[in-house]
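Worksheet for the structure shown next.
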Amino acid sequence: MRIGYFFRNFVVDMQKMVTILGPTASGKTSLAAALAAHLHNNGKQAEIISGDSRQVYRGMTIGTGKDLDDYVVDGYHVPYHLIDICEPGTKYNLFQYQQDFLTAYEQIESRGAMPILCGGTGLYIESVLKGYQLSPVPQNQALRGQLEGRSLEELTEMLVELKRQTGSNMHNQTDVDTAQRAIRAIEIETYNLDHPTELRQFPAIPYIIIGVSIDREARREKITRRLLQRLDEGMVDEIRQLLNRGIPAEDLMYYGLEYKFVTEYAIGKTTYDEMFSRLEIAIHQFAKRQMTWFRGMERRGFTINWVDVLRPMEEKVSFILNILNDERGIK
């Protein structure tokens, strides 16, 4: 990525973490990288922390949309964290994310750099901005055995009821994308119901939030174009390679979206056209859920400063810098 434009020399408040969020295909990563590159060019350092629940997995690059080329701006490699940190087939979770986020955040702060949190997983982002206090939840093999074979509809009903009992709202619809994910969510809620434990303390982090907005039709067009591009780039082969490494198809389908539908195609369960049609619809629905989450964050008291995706990159970066300066009272 290239940014051939000039900024006036802003005085930037390095004490606040910039959070950049938005739905899939909204250009979050390129904006975060452009901001980090601008700061670097002006003698200030910034590093990006991913806020994506699937980009943590190695070997799952095309399907999760890591877009690693976006982290290279005019030859400058923007440092990033929480990408490619665990093996595919494992079950990464929110508690682990909070731990890994804090480690990365503290390392960045110790270098005097600005952390930029960037991603589209609303639950992960909100958990660190709001300081969710979580406890680790071990696997419950007996419960898993009882739930095995239940339909996704039955599991969803059980989860909704458990969340009602624990006082937790059914925000995260990705919990019920697959039976495996629903069972894990039930496992967590059951543990929280039966084992009250001392909550983990999470420090307050000063931040501003930038939301990348994109209208519905533009988003749909971009999602479809991006899906075609990923398929052309070898997404099916990437998933076949993971299967050939011995990762069970069920484990890949656990990750949902691309890994659910393309895996079904790769093992001969569906045709290519069926896979494409169902996946395209699922991604559109996912983007809509992301926006519902972000609007929910606003109702829960978060201030999100929205910037139109169609504005030139230099204007979007200037928009962020102005907000940072306004926070300090600098005009």
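In the structure tokens, the first chain shown is A, the next is B, and so on; residue numbers restart at 1 for each chain, and ligands run from 1 in the order shown.
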Practice item. Would you list the contacts of A:Gln285 as number ranges by chain, taking every protein, DNA or RNA residue within 12 Å and counting only C-alpha atoms, but skipping same-chain residues closer than 3 positions in sequence? Key: A: 23-24, 173-174, 177, 216, 219-220, 223, 257, 278-282, 288-292
List every residue of stretch 31-119 of chain A that has an atom at most 8 Å from any atom of stretch 314-320 of chain A, giving for each one its closest atom pair and the distance in Å to one decimal, counting only C-alpha atoms, sorted by chain and then by ascending residue number, as JSON lines.
```
{"residue": "A:Leu31", "atom": "CA", "partner": "A:Val317", "partner_atom": "CA", "distance": 7.1}
{"residue": "A:Ala34", "atom": "CA", "partner": "A:Val317", "partner_atom": "CA", "distance": 7.1}
{"residue": "A:Leu35", "atom": "CA", "partner": "A:Val317", "partner_atom": "CA", "distance": 5.7}
```
What's the 10 Å shell around stretch 65-82 of chain A, counting only C-alpha atoms, without same-chain residues fewer than 6 positions away, as a compact mmCIF listing (two decimals) with C-alpha atoms, in the first residue's frame?
```txt
# COMPACT_ATOMS: atom_id res chain seq x y z
CA MET A 1 0.00 0.00 0.00
CA ARG A 2 1.20 3.49 -0.83
CA ILE A 3 0.22 6.80 0.74
CA GLY A 4 1.49 9.62 -1.42
CA THR A 24 -15.80 -6.89 7.24
CA ALA A 25 -14.42 -5.43 3.98
CA GLY A 27 -10.82 -1.15 5.03
CA LYS A 28 -10.03 -1.09 8.77
CA THR A 29 -6.56 -2.57 8.45
CA SER A 30 -5.39 -0.23 5.69
CA LEU A 31 -6.55 2.77 7.73
CA ALA A 32 -4.79 1.54 10.88
CA ALA A 33 -1.61 0.93 8.90
CA ALA A 34 -1.80 4.36 7.23
CA LEU A 35 -2.15 6.00 10.65
CA ALA A 36 0.82 4.04 12.04
CA ALA A 37 2.94 4.92 8.99
CA HIS A 38 2.09 8.60 9.30
CA HIS A 40 6.36 6.79 12.03
CA ASN A 41 7.14 9.36 9.35
CA GLN A 45 5.88 5.01 16.74
CA ALA A 46 2.66 3.01 16.67
CA GLU A 47 1.95 -0.72 16.61
CA ILE A 48 -1.26 -2.52 15.68
CA ILE A 49 -3.01 -5.06 17.91
CA SER A 50 -5.47 -7.25 16.00
CA GLY A 51 -9.01 -7.44 17.33
CA ASP A 52 -10.03 -10.42 15.22
CA SER A 53 -11.01 -13.79 16.71
CA ARG A 54 -9.74 -15.90 13.78
CA GLN A 55 -6.58 -14.16 12.62
CA VAL A 56 -4.76 -15.67 15.61
CA TYR A 57 -4.46 -18.98 13.72
CA TYR A 97 -7.42 -12.91 24.06
CA ASP A 100 -2.55 -11.81 25.01
CA PHE A 101 -3.89 -8.31 24.44
CA THR A 103 0.90 -8.59 27.05
CA ALA A 104 1.06 -6.86 23.65
CA TYR A 105 -0.34 -3.60 25.03
CA ILE A 108 4.00 -1.44 23.13
CA PRO A 115 -1.18 0.98 20.52
CA ILE A 116 -3.74 0.83 17.72
CA LEU A 117 -6.44 -1.79 18.26
CA CYS A 118 -7.96 -2.78 14.93
CA ARG A 226 -13.52 -9.72 -1.97
CA LEU A 227 -14.91 -13.25 -1.76
CA ARG A 230 -10.01 -14.80 -2.09
CA GLU A 258 -15.25 -19.41 5.03
```
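Between A:Gly22 and the residues A:Asp194, A:Glu148, A:Asp308, A:Glu161, the shortest atom-to-atom distance, using only C-alpha atoms, involves A:Asp308.
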Q: Per DSSP on the backbone, filter stretch 37-251 of chain A down to the residues in helix (DSSP H, G or I) and report them as a VMD selection string.
A: chain A and resid 37 to 41 68 to 71 94 to 110 122 to 129 141 to 147 152 to 166 173 to 176 179 to 194 216 to 232 235 to 244 249 to 251
#### Entry: Shell of 7 Å around stretch 259-271 of chain A, only C-alpha atoms, local chain residues under 6 positions omitted, as a list in words
Gly63, Val236, Ile239, Arg240, Ala249, Leu252, Met253 and Leu279 of chain A
Any chance you can output those residues with N, CA and C atoms as a PDB file, in the first residue's frame?
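Written output follows (selection08.pdb):
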```pdb
ATOM      1  N   GLY A  63      -8.549 -17.201   4.215  1.00  0.00           N
ATOM      2  CA  GLY A  63      -9.914 -17.317   4.721  1.00  0.00           C
ATOM      3  C   GLY A  63     -10.257 -16.324   5.809  1.00  0.00           C
ATOM      4  N   VAL A 236      -9.595 -22.198  -1.364  1.00  0.00           N
ATOM      5  CA  VAL A 236      -9.952 -23.620  -1.316  1.00  0.00           C
ATOM      6  C   VAL A 236      -8.703 -24.468  -1.089  1.00  0.00           C
ATOM      7  N   ILE A 239      -7.500 -24.382   2.526  1.00  0.00           N
ATOM      8  CA  ILE A 239      -8.270 -25.237   3.430  1.00  0.00           C
ATOM      9  C   ILE A 239      -7.978 -26.704   3.170  1.00  0.00           C
ATOM     10  N   ARG A 240      -7.764 -27.085   1.916  1.00  0.00           N
ATOM     11  CA  ARG A 240      -7.382 -28.470   1.619  1.00  0.00           C
ATOM     12  C   ARG A 240      -6.035 -28.806   2.249  1.00  0.00           C
ATOM     13  N   ALA A 249     -12.106 -32.013   9.710  1.00  0.00           N
ATOM     14  CA  ALA A 249     -13.022 -31.076   9.055  1.00  0.00           C
ATOM     15  C   ALA A 249     -13.916 -30.378  10.074  1.00  0.00           C
ATOM     16  N   LEU A 252     -12.221 -27.389  11.573  1.00  0.00           N
ATOM     17  CA  LEU A 252     -12.183 -26.231  10.688  1.00  0.00           C
ATOM     18  C   LEU A 252     -13.560 -25.576  10.588  1.00  0.00           C
ATOM     19  N   MET A 253     -14.598 -26.394  10.513  1.00  0.00           N
ATOM     20  CA  MET A 253     -15.947 -25.843  10.410  1.00  0.00           C
ATOM     21  C   MET A 253     -16.339 -25.086  11.674  1.00  0.00           C
ATOM     22  N   LEU A 279     -22.043 -19.138   1.256  1.00  0.00           N
ATOM     23  CA  LEU A 279     -21.003 -18.367   1.934  1.00  0.00           C
ATOM     24  C   LEU A 279     -21.211 -16.872   1.731  1.00  0.00           C
TER      25      LEU A 279
END
```
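Of the residues under consideration (A:His284, A:Lys163, A:Arg58, A:Arg111), A:Arg58 shows the shortest atom-to-atom contact distance to A:Thr90 when counting only C-alpha atoms.
Compared by their closest atoms to A:Gly112, and using only C-alpha atoms, the residues A:Gly59, A:Gly149, A:Pro206, A:Gly43 rank with A:Gly43 nearest.
Rounded to one decimal, atom CA of A:Leu152 and atom CA of A:Phe286 lie 17.6 Å from each other.
For the residues A:Glu274, A:Asp251, A:Glu157, A:Glu109, ranking by smallest atom-to-atom distance to A:Ala185 using only C-alpha atoms places A:Glu157 first.
Interatomic distance, atom CA of A:Arg295 to atom CA of A:Gly256: 22.9 Å.
For the residues A:Met297, A:Ile186, A:Ala287, A:Ile62, ranking by smallest atom-to-atom distance to A:Ile214 using only C-alpha atoms places A:Ala287 first.
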